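*Asks:* Please find upload.txt (compact mmCIF, C-alpha atoms) on the next line:
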```txt
# COMPACT_ATOMS: atom_id res chain seq x y z
CA MET A 637 69.83 114.29 60.79
CA ALA A 638 72.05 113.75 63.81
CA TYR A 639 73.61 115.97 66.45
CA LEU A 640 76.75 115.79 68.56
CA ILE A 641 76.39 117.69 71.82
CA LEU A 642 79.46 118.16 74.01
CA ALA A 643 79.49 118.68 77.76
CA ASP A 644 80.52 122.32 77.25
CA GLY A 645 77.32 123.02 75.28
CA SER A 646 78.87 122.89 71.79
CA VAL A 647 76.60 121.45 69.10
CA PHE A 648 77.66 119.87 65.77
CA GLU A 649 74.98 119.09 63.18
CA GLY A 650 75.45 116.23 60.74
CA LYS A 651 74.00 113.12 59.17
CA SER A 652 73.05 109.97 61.05
CA ILE A 653 75.07 106.82 60.34
CA GLY A 654 74.90 103.39 61.91
CA ALA A 655 72.14 102.68 64.38
CA THR A 656 69.49 105.25 65.27
CA GLY A 657 69.07 106.40 68.85
CA GLU A 658 71.05 108.22 71.49
CA THR A 659 74.40 107.50 73.10
CA ILE A 660 76.66 109.20 75.65
CA GLY A 661 80.36 108.57 76.06
CA GLU A 662 83.81 110.08 76.48
CA THR A 663 84.62 111.87 73.21
CA VAL A 664 88.16 111.19 71.94
CA PHE A 665 90.00 111.45 68.63
CA THR A 666 92.35 109.09 66.82
CA THR A 667 94.76 110.19 64.09
CA GLY A 668 95.07 106.91 62.20
CA MET A 669 94.85 107.19 58.42
CA THR A 670 93.98 103.51 58.17
CA GLY A 671 93.03 100.71 60.55
CA TYR A 672 89.54 101.94 61.37
CA LEU A 673 88.33 98.34 61.80
CA GLU A 674 91.03 97.69 64.38
CA THR A 675 89.97 100.89 66.15
CA LEU A 676 86.31 99.92 66.14
CA THR A 677 87.04 96.47 67.60
CA ASP A 678 89.79 97.42 70.07
CA PRO A 679 88.48 96.78 73.63
CA SER A 680 90.62 99.69 74.87
CA TYR A 681 88.03 102.08 73.35
CA PHE A 682 85.32 100.80 75.70
CA GLY A 683 82.99 103.61 76.80
CA GLN A 684 84.27 106.15 74.27
CA ILE A 685 82.83 108.05 71.32
CA VAL A 686 85.60 107.85 68.72
CA THR A 687 86.38 110.65 66.27
CA GLN A 688 88.43 109.78 63.18
CA THR A 689 90.58 112.76 62.19
CA PHE A 690 91.27 111.30 58.72
CA PRO A 691 88.46 112.71 56.55
CA LEU A 692 87.37 109.67 54.52
CA ILE A 693 86.58 106.47 56.43
CA GLY A 694 85.17 103.14 55.22
CA ASN A 695 87.08 102.86 51.93
CA TYR A 696 87.55 99.10 52.28
CA GLY A 697 84.29 98.32 54.10
CA PHE A 698 84.39 95.80 56.91
CA ILE A 699 86.59 92.71 56.96
CA PRO A 700 86.02 90.28 59.88
CA GLU A 701 89.56 88.85 59.56
CA ASP A 702 90.91 92.23 60.66
CA TYR A 703 88.90 92.51 63.87
CA GLU A 704 90.87 92.89 67.12
CA SER A 705 88.01 91.35 69.13
CA LYS A 706 84.70 89.64 68.51
CA LYS A 707 82.68 92.86 68.59
CA SER A 708 82.90 96.62 68.88
CA TRP A 709 83.13 98.26 72.30
CA ILE A 710 82.80 101.94 71.41
CA ARG A 711 79.83 104.09 72.49
CA GLY A 712 79.61 106.14 69.28
CA TYR A 713 81.41 106.97 66.04
CA ILE A 714 82.23 110.28 64.34
CA VAL A 715 83.60 110.71 60.80
CA ARG A 716 83.85 113.55 58.31
CA GLU A 717 82.82 111.47 55.29
CA LEU A 718 81.65 107.85 55.25
CA CYS A 719 82.46 105.85 52.12
CA GLU A 720 79.30 104.18 50.82
CA MET A 721 80.97 102.20 48.00
CA PRO A 722 84.00 100.39 49.48
CA SER A 723 86.51 98.57 47.30
CA ASN A 724 88.59 95.65 48.56
CA PHE A 725 88.79 92.01 47.51
CA ARG A 726 88.16 90.94 51.14
CA CYS A 727 85.30 93.38 51.74
CA GLU A 728 82.12 91.84 53.18
CA GLY A 729 79.94 94.94 53.32
CA THR A 730 79.85 98.64 54.08
CA LEU A 731 81.06 100.23 57.28
CA ASP A 732 77.58 101.64 57.82
CA ALA A 733 76.19 98.09 57.80
CA PHE A 734 78.81 97.08 60.36
CA LEU A 735 77.84 99.98 62.64
CA LYS A 736 74.17 98.99 62.39
CA SER A 737 74.98 95.35 63.17
CA GLN A 738 76.87 96.47 66.29
CA ASN A 739 74.12 98.92 67.32
CA ILE A 740 76.57 101.83 67.23
CA VAL A 741 75.09 105.31 66.89
CA GLY A 742 77.21 107.53 64.67
CA ILE A 743 77.36 110.86 62.92
CA CYS A 744 79.08 112.05 59.73
CA GLY A 745 79.32 115.31 57.84
CA ILE A 746 80.57 117.42 60.73
CA ASP A 747 83.80 119.43 60.88
CA THR A 748 86.03 116.84 62.56
CA ARG A 749 89.00 119.21 62.34
CA ALA A 750 87.16 121.81 64.47
CA LEU A 751 86.07 119.09 66.89
CA THR A 752 89.64 117.78 67.22
CA LYS A 753 91.00 121.28 67.86
CA LYS A 754 88.39 121.76 70.59
CA LEU A 755 89.33 118.47 72.27
CA ARG A 756 93.04 119.35 72.09
CA GLU A 757 92.48 122.76 73.65
CA SER A 758 89.84 121.84 76.23
CA GLY A 759 90.78 118.22 76.81
CA VAL A 760 88.73 115.07 76.42
CA MET A 761 85.12 115.65 77.37
CA ASN A 762 81.86 113.74 77.43
CA GLY A 763 79.46 114.02 74.54
CA MET A 764 76.14 112.75 73.22
CA ILE A 765 75.18 111.68 69.70
CA THR A 766 71.49 111.66 68.94
CA SER A 767 69.84 110.75 65.63
CA SER A 768 66.96 113.19 65.52
CA ASP A 769 65.36 115.58 63.01
CA VAL A 770 65.30 118.27 65.68
CA CYS A 771 68.20 119.15 67.97
CA PRO A 772 67.35 118.50 71.64
CA LYS A 773 67.13 121.52 73.90
CA VAL A 774 70.64 122.12 75.21
CA ASP A 775 69.82 123.10 78.78
CA GLN A 776 71.45 122.48 82.15
CA ALA A 777 69.54 119.24 82.62
CA LEU A 778 70.90 117.78 79.38
CA LEU A 779 74.44 119.00 80.01
CA LYS A 780 74.33 117.50 83.50
CA LYS A 781 73.21 114.17 82.04
CA ILE A 782 76.10 114.22 79.57
CA GLY A 783 78.63 115.39 82.14
CA GLU A 784 77.74 112.71 84.68
CA TYR A 785 78.68 109.82 82.38
CA LYS A 786 81.64 107.85 83.69
CA ILE A 787 83.48 104.80 82.37
CA GLU A 788 83.24 102.16 85.10
CA LYS A 789 84.13 98.45 85.43
CA ALA A 790 85.92 98.73 82.09
CA VAL A 791 88.20 95.67 82.28
CA GLU A 792 85.43 93.50 83.67
CA SER A 793 83.05 94.64 80.90
CA VAL A 794 85.24 93.60 77.97
CA GLN A 795 85.91 90.02 79.09
CA ASN A 796 85.10 87.02 76.89
CA GLY A 797 85.27 88.98 73.69
CA SER A 798 88.84 89.96 73.07
CA THR A 799 90.91 86.85 72.43
CA LEU A 800 91.24 84.07 69.88
CA ALA A 801 90.09 80.55 70.49
CA LYS A 802 92.69 78.56 72.39
CA LYS A 803 94.85 76.31 70.29
CA ASP A 804 97.98 74.29 70.94
CA CYS A 805 100.83 75.46 68.73
CA SER A 806 103.41 73.05 70.18
CA CYS A 807 105.22 71.19 67.41
CA GLY A 808 107.78 69.20 69.36
CA SER A 809 110.86 71.43 69.17
CA GLU A 810 112.16 73.51 72.05
CA GLU A 811 111.23 76.67 70.17
CA LYS A 812 107.64 75.50 69.85
CA GLN A 813 107.18 74.51 73.47
CA LYS A 814 107.28 77.89 75.19
CA HIS A 815 104.19 78.33 77.28
CA ILE A 816 103.09 81.95 77.61
CA VAL A 817 100.14 83.02 79.70
CA LEU A 818 98.23 85.99 78.30
CA TRP A 819 96.49 87.87 81.12
CA ASP A 820 93.43 89.29 79.42
CA PHE A 821 92.46 92.81 80.51
CA GLY A 822 90.87 93.50 77.11
CA ALA A 823 93.52 92.00 74.85
CA LYS A 824 93.76 92.78 71.16
CA MET A 825 93.79 89.56 69.14
CA ASN A 826 97.05 90.45 67.45
CA ILE A 827 99.01 90.13 70.69
CA GLN A 828 98.13 86.45 70.74
CA ARG A 829 98.88 86.14 67.02
CA GLU A 830 102.36 87.65 67.44
CA LEU A 831 103.18 85.25 70.27
CA GLU A 832 101.97 82.26 68.28
CA LYS A 833 104.00 83.38 65.25
CA ARG A 834 107.05 82.88 67.45
CA GLY A 835 106.09 79.33 68.31
CA ALA A 836 104.49 79.94 71.69
CA LYS A 837 101.64 77.98 73.16
CA VAL A 838 99.36 80.70 74.51
CA THR A 839 96.95 80.21 77.38
CA VAL A 840 94.49 83.04 77.90
CA ILE A 841 93.39 83.76 81.47
CA PRO A 842 90.72 86.19 82.71
CA PHE A 843 91.34 89.44 84.59
CA ASP A 844 90.44 88.01 88.00
CA THR A 845 93.05 85.22 87.98
CA THR A 846 95.25 85.13 91.10
CA ALA A 847 99.04 85.09 91.33
CA GLU A 848 98.92 81.65 92.93
CA GLN A 849 96.88 80.27 90.03
CA ILE A 850 99.38 81.65 87.51
CA ILE A 851 102.33 80.14 89.39
CA LYS A 852 100.61 76.73 89.44
CA MET A 853 100.39 76.93 85.63
CA ASN A 854 104.21 77.12 85.57
CA PRO A 855 104.41 79.29 82.42
CA ASP A 856 107.63 80.27 80.68
CA GLY A 857 106.42 83.86 80.34
CA LEU A 858 103.57 86.18 81.27
CA MET A 859 102.03 88.75 78.94
CA LEU A 860 100.04 91.62 80.50
CA SER A 861 97.59 92.79 77.86
CA ASN A 862 96.14 96.13 76.88
CA GLY A 863 92.69 97.15 78.06
CA PRO A 864 90.34 100.04 78.79
CA GLY A 865 89.68 102.47 81.62
CA ASP A 866 91.58 104.05 84.50
CA PRO A 867 94.43 101.69 85.48
CA ALA A 868 94.37 102.76 89.13
CA GLU A 869 90.81 101.42 89.53
CA ASN A 870 92.04 97.82 89.10
CA VAL A 871 93.13 97.41 92.71
CA GLY A 872 92.73 93.64 92.79
CA ILE A 873 94.73 93.04 89.61
CA ILE A 874 97.51 95.38 90.78
CA SER A 875 97.75 93.44 94.05
CA GLU A 876 98.11 90.10 92.22
CA ILE A 877 100.79 91.49 89.88
CA ALA A 878 102.67 92.80 92.94
CA LYS A 879 102.66 89.28 94.40
CA LEU A 880 104.16 87.86 91.22
CA CYS A 881 106.85 90.53 91.24
CA GLN A 882 107.71 89.66 94.86
CA PHE A 883 108.16 86.01 93.90
CA ASN A 884 110.34 87.09 90.96
CA SER A 885 112.52 89.42 93.04
CA LYS A 886 113.16 86.64 95.58
CA GLY A 887 114.20 84.22 92.85
CA GLU A 888 111.13 82.07 93.48
CA ASN A 889 109.02 80.92 90.53
CA ILE A 890 110.73 83.32 88.13
CA ILE A 891 108.38 84.28 85.29
CA PRO A 892 109.54 86.85 82.69
CA ILE A 893 106.90 89.55 82.20
CA PHE A 894 106.03 91.76 79.22
CA GLY A 895 103.33 94.44 79.57
CA ILE A 896 101.59 96.40 76.81
CA CYS A 897 99.50 99.57 77.26
CA LEU A 898 97.21 98.94 80.26
CA GLY A 899 99.48 96.03 81.19
CA HIS A 900 102.40 98.49 81.25
CA GLN A 901 100.48 100.80 83.57
CA LEU A 902 99.30 98.02 85.90
CA LEU A 903 102.83 96.63 86.23
CA ALA A 904 104.14 100.11 87.07
CA LEU A 905 101.43 100.64 89.67
CA ALA A 906 102.23 97.24 91.20
CA ARG A 907 105.86 98.34 91.60
CA GLY A 908 104.96 101.62 93.33
CA ALA A 909 104.61 104.10 90.44
CA LYS A 910 101.68 106.45 89.84
CA THR A 911 99.49 107.13 86.82
CA SER A 912 97.54 110.20 85.77
CA LYS A 913 95.08 111.12 83.04
CA LEU A 914 96.38 112.90 79.95
CA LYS A 915 94.64 116.01 78.62
CA TYR A 916 93.51 114.36 75.39
CA GLY A 917 95.47 111.10 75.28
CA HIS A 918 97.48 109.42 72.53
CA ARG A 919 95.43 107.63 69.88
CA GLY A 920 96.54 106.81 66.36
CA GLY A 921 99.25 105.16 64.30
CA ASN A 922 101.79 107.97 63.98
CA HIS A 923 103.21 108.61 67.47
CA PRO A 924 107.02 108.91 67.72
CA VAL A 925 108.74 107.23 70.67
CA LYS A 926 112.43 107.50 71.50
CA ASP A 927 114.52 104.57 72.71
CA LEU A 928 116.71 106.14 75.39
CA ASP A 929 119.44 103.50 75.06
CA SER A 930 119.99 103.79 71.31
CA GLY A 931 118.60 107.27 70.70
CA ARG A 932 116.54 105.86 67.84
CA VAL A 933 113.00 107.11 67.26
CA TYR A 934 110.29 104.64 66.26
CA ILE A 935 106.81 105.39 64.92
CA SER A 936 104.21 103.63 67.04
CA SER A 937 100.52 102.89 67.28
CA GLN A 938 98.91 104.08 70.51
CA ASN A 939 95.57 104.14 72.27
CA HIS A 940 95.56 105.38 75.85
CA GLY A 941 94.25 108.21 77.99
CA TYR A 942 96.50 107.64 81.02
CA ALA A 943 100.27 107.60 81.48
CA VAL A 944 102.81 106.50 84.09
CA GLU A 945 104.26 109.55 85.86
CA ILE A 946 108.01 109.81 85.20
CA GLU A 947 108.62 111.94 88.29
CA ASN A 948 107.23 109.18 90.54
CA LEU A 949 109.06 106.11 89.22
CA PRO A 950 110.33 103.62 91.82
CA GLU A 951 114.07 102.88 92.03
CA CYS A 952 113.56 99.45 90.50
CA ALA A 953 112.27 100.97 87.24
CA LYS A 954 114.40 102.42 84.46
CA LEU A 955 112.84 104.69 81.84
CA ALA A 956 113.34 103.03 78.44
CA PHE A 957 111.14 104.94 75.98
CA VAL A 958 109.68 108.46 75.98
CA ASN A 959 107.12 110.13 73.73
CA SER A 960 108.95 112.49 71.38
CA ASN A 961 106.00 114.89 71.29
CA ASP A 962 105.30 115.48 74.97
CA GLY A 963 108.04 113.61 76.86
CA THR A 964 105.67 111.21 78.65
CA CYS A 965 106.66 107.69 79.69
CA GLU A 966 106.44 105.14 76.87
CA GLY A 967 108.36 102.21 78.32
CA LEU A 968 110.06 100.82 81.42
CA VAL A 969 112.64 98.15 82.20
CA TYR A 970 112.91 96.70 85.71
CA ASN A 971 116.35 96.09 87.20
CA ASP A 972 115.36 93.60 89.92
CA ILE A 973 113.12 91.24 87.96
CA PRO A 974 112.96 89.97 84.35
CA ALA A 975 110.26 92.38 83.19
CA PHE A 976 109.73 95.25 80.79
CA SER A 977 106.72 97.10 79.43
CA VAL A 978 105.69 99.63 76.79
CA GLN A 979 102.84 102.09 76.55
CA PHE A 980 102.50 101.75 72.76
CA HIS A 981 101.39 98.75 70.68
CA PRO A 982 104.22 96.72 69.07
CA GLU A 983 101.61 94.26 67.74
CA ALA A 984 99.83 97.03 65.79
CA CYS A 985 97.56 96.22 62.86
CA GLY A 986 97.27 97.90 60.46
CA GLY A 987 100.67 99.23 61.52
CA PRO A 988 103.21 100.66 61.97
CA HIS A 989 105.41 97.65 62.74
CA ASP A 990 108.59 99.48 63.81
CA THR A 991 108.58 98.02 67.32
CA ASN A 992 107.46 94.48 66.50
CA PHE A 993 110.95 93.33 67.55
CA LEU A 994 109.90 93.68 71.21
CA PHE A 995 108.13 90.32 70.95
CA ASP A 996 111.48 88.80 69.93
CA LYS A 997 113.07 90.50 72.93
CA PHE A 998 110.45 88.86 75.14
CA ILE A 999 111.17 85.43 73.65
CA GLU A 1000 114.91 85.98 74.20
CA MET A 1001 114.24 86.85 77.85
CA ILE A 1002 112.21 83.65 78.22
CA ASN A 1003 115.03 81.63 76.64
CA GLN A 1004 117.53 83.14 79.07
CA TYR A 1005 115.53 82.17 82.15
CA LYS A 1006 114.41 78.82 80.77
CA LYS A 1007 118.07 77.75 80.57
```
Go ahead and express the file in the form of structure tokens.
*Replies:*
Amino acid sequence: MAYLILADGSVFEGKSIGATGETIGETVFTTGMTGYLETLTDPSYFGQIVTQTFPLIGNYGFIPEDYESKKSWIRGYIVRELCEMPSNFRCEGTLDAFLKSQNIVGICGIDTRALTKKLRESGVMNGMITSSDVCPKVDQALLKKIGEYKIEKAVESVQNGSTLAKKDCSCGSEEKQKHIVLWDFGAKMNIQRELEKRGAKVTVIPFDTTAEQIIKMNPDGLMLSNGPGDPAENVGIISEIAKLCQFNSKGENIIPIFGICLGHQLLALARGAKTSKLKYGHRGGNHPVKDLDSGRVYISSQNHGYAVEIENLPECAKLAFVNSNDGTCEGLVYNDIPAFSVQFHPEACGGPHDTNFLFDKFIEMINQYKK
């Protein structure tokens, strides 16, 4: 047996999966019909108990080649039904075995639809999963323990696990010699893969790198990665990004910048914008975003609990994309420096790939300033 206990006192009874024990985290839901391995290994889910709204999870087992980082960062896992007999030619075991290997406490067999409706109505809330034959006493002491959990030092905690091994992709031609620095705040591996597909030599740098150190590297472009947690807590990183933007705006050491997800938020904060927490966030592979220039709507993959406030954008920022569901900010273009950013994931695996062209846009921007 296993129990999910939410901070509001709600209790869901189910079956234990993964590791046995007890875990507390921020309970969220993701609407992806596929890509559960990418979800489980995405550093942006650090500190969270993830609920899959799609009812059957684990159909193709676990496949290490599809990981977005070297391990899982989630606090717990919730599914309606866990597939025990996966079928895929690349499969290397069951999802339950993967959860056990990662020491992730999970629960299945609960009404995930009812849980999702509760989180939509009440907002994201903390929860506890416990694998126990008897439900713990749900008293004020337990609810206080659950409610006091807070995600802290998120970016710092996911370092050294989220990027591919460094390799030189230079092949002699001009196209192959672009040097892009990937600032790792909890980067998904596929960001690096997409850059390397376009002939870039990618150098990964840690979260605490300074603006001066980046300038000394003399890169052709700078990628600000995704990552977990409250963007406003990263005061030091925001300060360093602001310095780079000042150099860019003065025409000194011009480095084109592309930000994704947390990188988008950090760049906005560095330029004077504000961020705020969403009621239940955007997580899944079916979120529509509208390009305000063309009017075209793209389907995007998303994973974030915070958003840049449209009403507090600085003059240097132009709104480029909005969420078609709730009108929140999904992308910005800056008119004083060569920089743009998006809240969604154009590198998404396992999809959708509608906005993959943004990596080409970044390469074009680099070409323009390299000339």
*Asks:* Residues at most 12 Å from Asn939 of chain A, counting all atoms listed in the file, excluding those fewer than 6 positions away in the same chain, as a VMD selection string?
*Replies:* chain A and resid 664 to 668 674 to 676 678 to 682 684 686 824 862 to 865 896 to 898 914 916 to 923 966 978 to 982 984
*Asks:* For C-alpha atoms, I'd like the residues from the last selection saved as a JSON list (two decimals), in the coordinates of the input.
*Replies:*
```
[["chain", "number", "residue", "atom", "x", "y", "z"],
["A", 664, "VAL", "CA", 88.16, 111.19, 71.94],
["A", 665, "PHE", "CA", 90.00, 111.45, 68.63],
["A", 666, "THR", "CA", 92.35, 109.09, 66.82],
["A", 667, "THR", "CA", 94.76, 110.19, 64.09],
["A", 668, "GLY", "CA", 95.07, 106.91, 62.20],
["A", 674, "GLU", "CA", 91.03, 97.69, 64.38],
["A", 675, "THR", "CA", 89.97, 100.89, 66.15],
["A", 676, "LEU", "CA", 86.31, 99.92, 66.14],
["A", 678, "ASP", "CA", 89.79, 97.42, 70.07],
["A", 679, "PRO", "CA", 88.48, 96.78, 73.63],
["A", 680, "SER", "CA", 90.62, 99.69, 74.87],
["A", 681, "TYR", "CA", 88.03, 102.08, 73.35],
["A", 682, "PHE", "CA", 85.32, 100.80, 75.70],
["A", 684, "GLN", "CA", 84.27, 106.15, 74.27],
["A", 686, "VAL", "CA", 85.60, 107.85, 68.72],
["A", 824, "LYS", "CA", 93.76, 92.78, 71.16],
["A", 862, "ASN", "CA", 96.14, 96.13, 76.88],
["A", 863, "GLY", "CA", 92.69, 97.15, 78.06],
["A", 864, "PRO", "CA", 90.34, 100.04, 78.79],
["A", 865, "GLY", "CA", 89.68, 102.47, 81.62],
["A", 896, "ILE", "CA", 101.59, 96.40, 76.81],
["A", 897, "CYS", "CA", 99.50, 99.57, 77.26],
["A", 898, "LEU", "CA", 97.21, 98.94, 80.26],
["A", 914, "LEU", "CA", 96.38, 112.90, 79.95],
["A", 916, "TYR", "CA", 93.51, 114.36, 75.39],
["A", 917, "GLY", "CA", 95.47, 111.10, 75.28],
["A", 918, "HIS", "CA", 97.48, 109.42, 72.53],
["A", 919, "ARG", "CA", 95.43, 107.63, 69.88],
["A", 920, "GLY", "CA", 96.54, 106.81, 66.36],
["A", 921, "GLY", "CA", 99.25, 105.16, 64.30],
["A", 922, "ASN", "CA", 101.79, 107.97, 63.98],
["A", 923, "HIS", "CA", 103.21, 108.61, 67.47],
["A", 966, "GLU", "CA", 106.44, 105.14, 76.87],
["A", 978, "VAL", "CA", 105.69, 99.63, 76.79],
["A", 979, "GLN", "CA", 102.84, 102.09, 76.55],
["A", 980, "PHE", "CA", 102.50, 101.75, 72.76],
["A", 981, "HIS", "CA", 101.39, 98.75, 70.68],
["A", 982, "PRO", "CA", 104.22, 96.72, 69.07],
["A", 984, "ALA", "CA", 99.83, 97.03, 65.79]]
```
*Asks:* Could you pull the residues within 12 Å of Gln882 of chain A, counting only C-alpha atoms, minus those fewer than 3 positions along the same chain, as a list in words?
*Replies:*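 That gives Ala847, Ser875, Glu876, Ile877, Ala878, Lys879, Ser885, Lys886, Gly887, Glu888, Asn889, Ile890, Ile891, Ala906, Arg907, Asp972, Ile973 and Pro974 of chain A.
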*Asks:* Restricting the calculation to all atoms listed in the file: of A:Leu735, A:Val969, A:Ala868, A:Leu880, which residue gets closest to Gln849 of chain A?
*Replies:*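 Ranked by minimum distance to Gln849 of chain A, first place goes to A:Leu880.
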*Asks:* State, in Å with one decimal place, the distance from atom CA of Ala975 of chain A to atom CA of Gly895 of chain A.
*Replies:* 8.1 Å
*Asks:* Rounded to one decimal in Å, what is the spacing between atom CA of Pro842 of chain A and atom CA of Trp819 of chain A?
*Replies:*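 Pair atom CA of Pro842 of chain A / atom CA of Trp819 of chain A returns 6.2 Å.
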*Asks:* Between atom CA of Val838 of chain A and atom CA of Pro855 of chain A, what distance in Å does the model show, to one decimal?
*Replies:* 9.5 Å
*Asks:* Tell me which of A:Thr766, A:Ser977, A:Thr846, A:Asn695 sits closest to Gly654 of chain A, counting only C-alpha atoms.
*Replies:* A:Thr766
*Asks:* Which polymer residues have any atom within 8 Å of an atom of Ile893 of chain A, counting all atoms listed in the file, with same-chain residues fewer than 6 positions away left out, as a PDB file with C-alpha atoms, in the frame of the given file?
*Replies:*
```pdb
ATOM      1  CA  GLY A 857     106.420  83.860  80.340  1.00  0.00           C
ATOM      2  CA  LEU A 858     103.570  86.180  81.270  1.00  0.00           C
ATOM      3  CA  MET A 859     102.030  88.750  78.940  1.00  0.00           C
ATOM      4  CA  LEU A 860     100.040  91.620  80.500  1.00  0.00           C
ATOM      5  CA  PRO A 974     112.960  89.970  84.350  1.00  0.00           C
ATOM      6  CA  ALA A 975     110.260  92.380  83.190  1.00  0.00           C
ATOM      7  CA  PHE A 976     109.730  95.250  80.790  1.00  0.00           C
ATOM      8  CA  PHE A 998     110.450  88.860  75.140  1.00  0.00           C
TER       9      PHE A 998
END
```
*Asks:* Smallest atom-to-atom distance to Gly986 of chain A: which of A:Asn961, A:Gln738, A:Thr687, A:Ser937, using only C-alpha atoms?
*Replies:*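 Smallest distance to Gly986 of chain A is found for A:Ser937.
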*Asks:* Please determine, counting only C-alpha atoms, which residue among A:Val840, A:Ala943, A:Leu642, A:Ile765 has the shortest atom-to-atom distance to Gly783 of chain A.
*Replies:*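 The closest residue to Gly783 of chain A is A:Leu642.
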*Asks:* Give me, as JSON, numbers by chain, all polymer residues having an atom no more than 12 Å from Glu1000 of chain A, counting all atoms listed in the file and skipping those fewer than 5 positions away in the same chain.
*Replies:* {"A": [811, 814, 834, 856, 857, 892, 893, 894, 974, 975, 993, 994, 995, 1005, 1006, 1007]}
*Asks:* Give the answer as one residue: which of A:Ala750, A:Glu983, A:Gly963, A:Gly657 has the shortest atom-to-atom distance to Asn826 of chain A, using all atoms listed in the file?
*Replies:* A:Glu983
*Asks:* Hey, which of A:Leu778, A:Ala836, A:Val760, A:Leu755 ends up closest to His940 of chain A? Count only C-alpha atoms.
*Replies:*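 The closest residue to His940 of chain A is A:Val760.
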*Asks:* Near Pro691 of chain A, within 8 Å and counting all atoms listed in the file, which residues show up once chain neighbours fewer than 3 positions away are dropped, as a compact mmCIF listing (two decimals) with C-alpha atoms, keeping the file's coordinate frame?
*Replies:*
```
# COMPACT_ATOMS: atom_id res chain seq x y z
CA GLN A 688 88.43 109.78 63.18
CA VAL A 715 83.60 110.71 60.80
CA ARG A 716 83.85 113.55 58.31
CA GLU A 717 82.82 111.47 55.29
CA THR A 748 86.03 116.84 62.56
```
